[in-house]
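Here is the structure we will look at.
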Amino acid sequence: MIGFRAGISIAIALVLCVALAVVGWGARTAAQRTIEPEMLAKAQSVGRSAASLVEVAYGSGIPIDKMVGVRSYFADLRKANREFALIRMTTPDGRELARSGDGTGMAGAPVVHTAVTSRSGVPIADIAVTVDPGVISEEVGGVLIDVAFIGIVSLLIALELVALVIGTSGIAALAALEDRLRALAKGRLALHESGAQTRARDLVAPIDQQVSLLAARHAEARAAAARAGDAEALAQLDLVARRTGLGAVSTSENQAAVAVRPALFLFMLAEELTRPFLPRFAQGLAAADEAIGPDLAASLPIVAFMAVMALCQLPFAALSERMGRRPGFLIGALLAAAGYALSASTGDYMLFLAARVTTAVGYALVFVSAQGHVVDHAAGSARTTALAVFVRAIMVASLCGPPIGGVVADRLGPQAAFMLAAGLAVLSLGVAVLTLPAARHAARGAGLAWSDLKDAARAPRLMALLVGCAFPAKLLLAALCFLLVPLQLQAMGYSSAAIGRFQMIYPILMVMLVPVFAAMADRLSARAGFVVLGGLVAGAGALALPLYPGVPTIALALVLLGVGQSMSIASQSALVADSATGGRSAGVLGLFRLVERSGNAAGPAAAGALLAGLGFALSGALLGAVVVAGAALYAVAGRGTLRGEATHAAVASEGEV
Amino acid sequence: MTRTTLWLIALFALIAAACVAFGAYFSYVTLLNAHRNAIEARFAITAERLAGTAERASSLGIALPAQTTFEGLLRREAELEPSISAIDVVDERGVVLFSSEPARVGRADPKVRNAVSKRITSDLGTTIGLVELRYDPEALAAGAAALADDLTVIAIPTLAVACLATILVGLLLALGLRRSARRAAEPASWPPAARTAFETVAKVHLRAAPGAPSSLAPEPRT
């Protein structure tokens, strides 16, 4: 069953596409009426200018068919004027003397002729410029594609922040009703604890009453069967209860996660805005500094950001516990906003690096504070559900940020995009002030010590999983999505907006496929197998890059990265959670995050170092080979255990950062 | 509940309207830039041609102030294009040496917005002057107005229809949700999967506790 919010979102997406297509058609008509005559006049000026040059040369005694450089002159003219599809010079009897361009598909396109004459006025040649008015339509089409993406992404943002706009109680009421209807559509007869006191109580109460009656009757039947000692009936009753969820209580979303979600989403969105243009922007700042090569210049800010994130993870966990989650979030958001503002305003590369480090410090503090807030207010299985809400907010931000950031950078400049990021960080601060509960200070942050990590590393098979799978996965993700692909697409002439759209491939697949593969891995009891298979699939995409280093292969590599990591990420987290036994759960999870973040930092560093020597395709392939080798290593290390029951439910990792 | 769904519909209609408005505005800006570029590129070609003429004469040893043939040439070029208001050749200090408008000679006017200029360089690459072509801003304003009119005619109805379509779809979905909720109050009208589950459960109950209801008849409300 499709919910109200999902249904209206799909409908608006369709309405928007049609509406923007109509606007595009209108723009094309307007261009034909207003701009096409100007283009023809421009072609006339160009023709006259070219004719006058030829006349000067002819007047100097060069025969018309012996002139050199005419073709390259025409090519230069076409390069400067994209709308000139073809420029030809012919003799009066139709013999072609020079040409630039291809007239294929230009039948019926307007052609502007200019006569080349001798001093006595005798025609000696004709210069014909074929104008392609479709160039303007293409430009408008590009703009409208940007707008369509902004529209769809705006919908996702609206869905994420809708509770802020129309109030959490209204959304809770709608969600309560939709949860019940969706459960019935799936044949699930579990009770729902949420929504009984919301505005939807009149609608949900009759449903709850029917399900409660059925559950009560089931309990009576079970009691009767137990009294009669009817083991077969008892077994059947339990089986049917398991299948239909009868008697079970479906829990609602964790309120702590719901409270932090809008602020966290806005904050994450700020950083995601910078993904498509950051490498190019960094290269531009470093251009004057000969000591820093372009590849290093592009990778260094990303490496610095990720390294600070990795290093701050452990100390900040204790710090945020000590100072309180709310102040931790607020200080972090403020620091990050300052970092974005400094990034926008500086023209100096080293200062830009400092700004990125400041942002990373703020980012790390916000992240651990938000995560700490959720963990503090949820326990047991509720913690898993709450963290899943937290992860979803990050994934949706990574889906929405790059296309918006790309469009803003293209149309208003990267500085404007950084200022927008600063604004979003400040907005997230404001939302956090409103939604996060007052701080609960711990007398002394327990945090994690390095000895805890050392102890955690002794967990059986954990290091094989972390080194073989978790580290390479993040290494490839950060290298490919944040550095290699943006730089390669930029070199191929793609705009930041287009790069942002490519960067959507990975999070879209993650949002769609992680729940599917997580459920499949649970059902088949083959989590380790899914981790290995995911690594092989993700690595294979990057390994394919040298076969044909073009856009289809880049898209394929991103798709396989998304599919592969969707297969492995939830199972990997569950396997890590399974290792977290014997009182070392915090250490194991801390170690897992540290290894993942180290992979995030190592990826762009390795890619930046490899890029200059090997180029895009081979660098990507080499990192892909690391992922494949890691997965193979893990498979060999755990022979015979690729299938096996795990004790923890699969839940995705914390997104891509 | 009704208020929530109406709020949601209004919010989404607003988003749809904003997106169409943004789309139309960005399209307008793109067309406006293309229009300005087309006009200015045409004038730039004229300025470049005149600068080339001055540079050739300079190569032959004729100093810029001595290139008196410019008086007639500038007037002829300006007459070819009605939207050109003046073409000047100025020296390196910005003083007009020759102009299609003879009254401008000897003046040193500040730079204006609606102008295209091209440097005149010597064989050594130093700037010896400038060809400055001033055009009538009306040429741009008329095009901008025509583009705005054309796009407004298409964008406003599209925006209204997009809004209405969103509201209509939203209302239909809200009605559908309400109907589903009402139907869900009675097991007899539950969705097929739920009815099957209910019947399976009822059969098992009947076997375990004979006398339990086994049909999808409405349950008594308490």
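Going through the structure tokens in order, the chains are called A, B, and so on, while each chain numbers its residues from 1 and the ligands are numbered from 1 in the order shown.
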Item to check | Residue set, segment 31-68 of chain B restricted to helix (DSSP H, G or I), as a ChimeraX atom specification | outcome: /B:31-59,64-66
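Near chain A, the residues of chain B that fall inside 6 Å (using only C-alpha atoms) are Met1, Thr4, Cys19, Gly23, Ser27, His35, Ala38, Arg42, Leu147, Asp150, Ile154, Thr158, Gly170, Ala184, Ala185, Pro191, Ala193, Ala194, Ala197, His205, Ala208 and Ala209 of chain B.
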Next on the checklist: List the spatial neighbours of segment 537-549 of chain A as a ChimeraX atom specification - criterion: any atom at most 12 Å away, only C-alpha atoms, same-chain residues fewer than 4 positions off excluded.
Outcome noted: /A:469,472-477,479-481,484-485,488-489,492,506,530-533,553-569,614-632
Item to check | strand (DSSP E or B) positions in segment 16-219 of chain B, given as a PyMOL selection string | outcome: chain B and resi 84-91+96-99+115-121+127-135
Take the residues from that selection and write them out as a PDB file, in the first residue's frame, keeping N, CA and C atoms.
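Dumped everything to part_20.pdb:
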ATOM      1  N   ILE B  84      23.103  50.589 -33.051  1.00  0.00           N
ATOM      2  CA  ILE B  84      24.389  51.141 -32.586  1.00  0.00           C
ATOM      3  C   ILE B  84      24.190  52.645 -32.391  1.00  0.00           C
ATOM      4  N   SER B  85      24.475  53.124 -31.168  1.00  0.00           N
ATOM      5  CA  SER B  85      24.307  54.565 -30.945  1.00  0.00           C
ATOM      6  C   SER B  85      25.592  55.335 -31.262  1.00  0.00           C
ATOM      7  N   ALA B  86      26.734  54.719 -31.054  1.00  0.00           N
ATOM      8  CA  ALA B  86      27.997  55.391 -31.416  1.00  0.00           C
ATOM      9  C   ALA B  86      29.128  54.377 -31.456  1.00  0.00           C
ATOM     10  N   ILE B  87      30.100  54.620 -32.378  1.00  0.00           N
ATOM     11  CA  ILE B  87      31.348  53.831 -32.353  1.00  0.00           C
ATOM     12  C   ILE B  87      32.484  54.846 -32.230  1.00  0.00           C
ATOM     13  N   ASP B  88      33.311  54.634 -31.182  1.00  0.00           N
ATOM     14  CA  ASP B  88      34.429  55.553 -30.957  1.00  0.00           C
ATOM     15  C   ASP B  88      35.743  54.803 -31.094  1.00  0.00           C
ATOM     16  N   VAL B  89      36.768  55.537 -31.549  1.00  0.00           N
ATOM     17  CA  VAL B  89      38.139  55.048 -31.395  1.00  0.00           C
ATOM     18  C   VAL B  89      38.779  56.000 -30.388  1.00  0.00           C
ATOM     19  N   VAL B  90      39.209  55.435 -29.242  1.00  0.00           N
ATOM     20  CA  VAL B  90      39.773  56.289 -28.196  1.00  0.00           C
ATOM     21  C   VAL B  90      41.251  55.960 -28.033  1.00  0.00           C
ATOM     22  N   ASP B  91      42.026  56.925 -27.560  1.00  0.00           N
ATOM     23  CA  ASP B  91      43.456  56.662 -27.353  1.00  0.00           C
ATOM     24  C   ASP B  91      43.655  55.989 -25.993  1.00  0.00           C
ATOM     25  N   VAL B  96      38.398  60.427 -26.965  1.00  0.00           N
ATOM     26  CA  VAL B  96      37.853  59.984 -28.260  1.00  0.00           C
ATOM     27  C   VAL B  96      38.633  60.689 -29.383  1.00  0.00           C
ATOM     28  N   LEU B  97      39.233  59.849 -30.271  1.00  0.00           N
ATOM     29  CA  LEU B  97      39.981  60.393 -31.418  1.00  0.00           C
ATOM     30  C   LEU B  97      39.072  60.514 -32.633  1.00  0.00           C
ATOM     31  N   PHE B  98      38.282  59.445 -32.855  1.00  0.00           N
ATOM     32  CA  PHE B  98      37.342  59.427 -33.986  1.00  0.00           C
ATOM     33  C   PHE B  98      36.031  58.860 -33.479  1.00  0.00           C
ATOM     34  N   SER B  99      34.941  59.303 -34.087  1.00  0.00           N
ATOM     35  CA  SER B  99      33.644  58.772 -33.653  1.00  0.00           C
ATOM     36  C   SER B  99      32.642  58.836 -34.803  1.00  0.00           C
ATOM     37  N   ALA B 115      27.915  48.724 -23.706  1.00  0.00           N
ATOM     38  CA  ALA B 115      29.000  48.983 -24.653  1.00  0.00           C
ATOM     39  C   ALA B 115      29.875  47.742 -24.781  1.00  0.00           C
ATOM     40  N   VAL B 116      30.472  47.618 -25.969  1.00  0.00           N
ATOM     41  CA  VAL B 116      31.393  46.516 -26.220  1.00  0.00           C
ATOM     42  C   VAL B 116      32.695  47.154 -26.661  1.00  0.00           C
ATOM     43  N   SER B 117      33.822  46.700 -26.126  1.00  0.00           N
ATOM     44  CA  SER B 117      35.080  47.335 -26.539  1.00  0.00           C
ATOM     45  C   SER B 117      36.118  46.299 -26.938  1.00  0.00           C
ATOM     46  N   LYS B 118      37.058  46.762 -27.748  1.00  0.00           N
ATOM     47  CA  LYS B 118      38.141  45.868 -28.213  1.00  0.00           C
ATOM     48  C   LYS B 118      39.430  46.673 -28.192  1.00  0.00           C
ATOM     49  N   ARG B 119      40.476  46.105 -27.615  1.00  0.00           N
ATOM     50  CA  ARG B 119      41.750  46.814 -27.516  1.00  0.00           C
ATOM     51  C   ARG B 119      42.441  46.893 -28.878  1.00  0.00           C
ATOM     52  N   ILE B 120      43.114  47.997 -29.123  1.00  0.00           N
ATOM     53  CA  ILE B 120      43.955  48.119 -30.316  1.00  0.00           C
ATOM     54  C   ILE B 120      45.389  48.019 -29.818  1.00  0.00           C
ATOM     55  N   THR B 121      46.133  47.050 -30.323  1.00  0.00           N
ATOM     56  CA  THR B 121      47.495  46.858 -29.821  1.00  0.00           C
ATOM     57  C   THR B 121      48.516  47.116 -30.932  1.00  0.00           C
ATOM     58  N   THR B 127      48.998  48.404 -25.616  1.00  0.00           N
ATOM     59  CA  THR B 127      47.694  48.971 -25.989  1.00  0.00           C
ATOM     60  C   THR B 127      47.885  50.410 -26.463  1.00  0.00           C
ATOM     61  N   ILE B 128      47.400  50.667 -27.667  1.00  0.00           N
ATOM     62  CA  ILE B 128      47.527  52.054 -28.159  1.00  0.00           C
ATOM     63  C   ILE B 128      46.165  52.739 -28.242  1.00  0.00           C
ATOM     64  N   GLY B 129      45.145  51.983 -28.032  1.00  0.00           N
ATOM     65  CA  GLY B 129      43.818  52.582 -28.065  1.00  0.00           C
ATOM     66  C   GLY B 129      42.736  51.536 -27.891  1.00  0.00           C
ATOM     67  N   LEU B 130      41.519  51.976 -28.164  1.00  0.00           N
ATOM     68  CA  LEU B 130      40.357  51.110 -27.911  1.00  0.00           C
ATOM     69  C   LEU B 130      39.265  51.439 -28.927  1.00  0.00           C
ATOM     70  N   VAL B 131      38.617  50.398 -29.442  1.00  0.00           N
ATOM     71  CA  VAL B 131      37.397  50.651 -30.222  1.00  0.00           C
ATOM     72  C   VAL B 131      36.241  50.411 -29.260  1.00  0.00           C
ATOM     73  N   GLU B 132      35.399  51.398 -29.097  1.00  0.00           N
ATOM     74  CA  GLU B 132      34.285  51.255 -28.160  1.00  0.00           C
ATOM     75  C   GLU B 132      32.973  51.449 -28.908  1.00  0.00           C
ATOM     76  N   LEU B 133      32.142  50.418 -28.818  1.00  0.00           N
ATOM     77  CA  LEU B 133      30.872  50.464 -29.543  1.00  0.00           C
ATOM     78  C   LEU B 133      29.745  50.568 -28.518  1.00  0.00           C
ATOM     79  N   ARG B 134      29.011  51.658 -28.593  1.00  0.00           N
ATOM     80  CA  ARG B 134      27.881  51.848 -27.665  1.00  0.00           C
ATOM     81  C   ARG B 134      26.595  51.485 -28.401  1.00  0.00           C
ATOM     82  N   TYR B 135      25.780  50.683 -27.731  1.00  0.00           N
ATOM     83  CA  TYR B 135      24.519  50.318 -28.386  1.00  0.00           C
ATOM     84  C   TYR B 135      23.331  50.787 -27.564  1.00  0.00           C
TER      85      TYR B 135
END
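Atom CA of Val258 of chain A to atom CA of Val514 of chain A spans 20.6 Å [interatomic distance, one decimal].
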Checklist entry - Which one is closest to Asn37 of chain B: A:Val389, A:Arg82, A:Phe592, A:Gly324? Count only C-alpha atoms. => result A:Arg82
Checklist entry - Hey, what's within 12 Å of Ala355 of chain A if we count only C-alpha atoms and toss same-chain stuff fewer than 4 positions away? As a PyMOL selection string, please? => result chain A and resi 282+301-302+304-305+335-351+359-362+418+422
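Going from atom CA of Met463 of chain A over to atom CA of Ala606 of chain A, you cover 21.5 Å.
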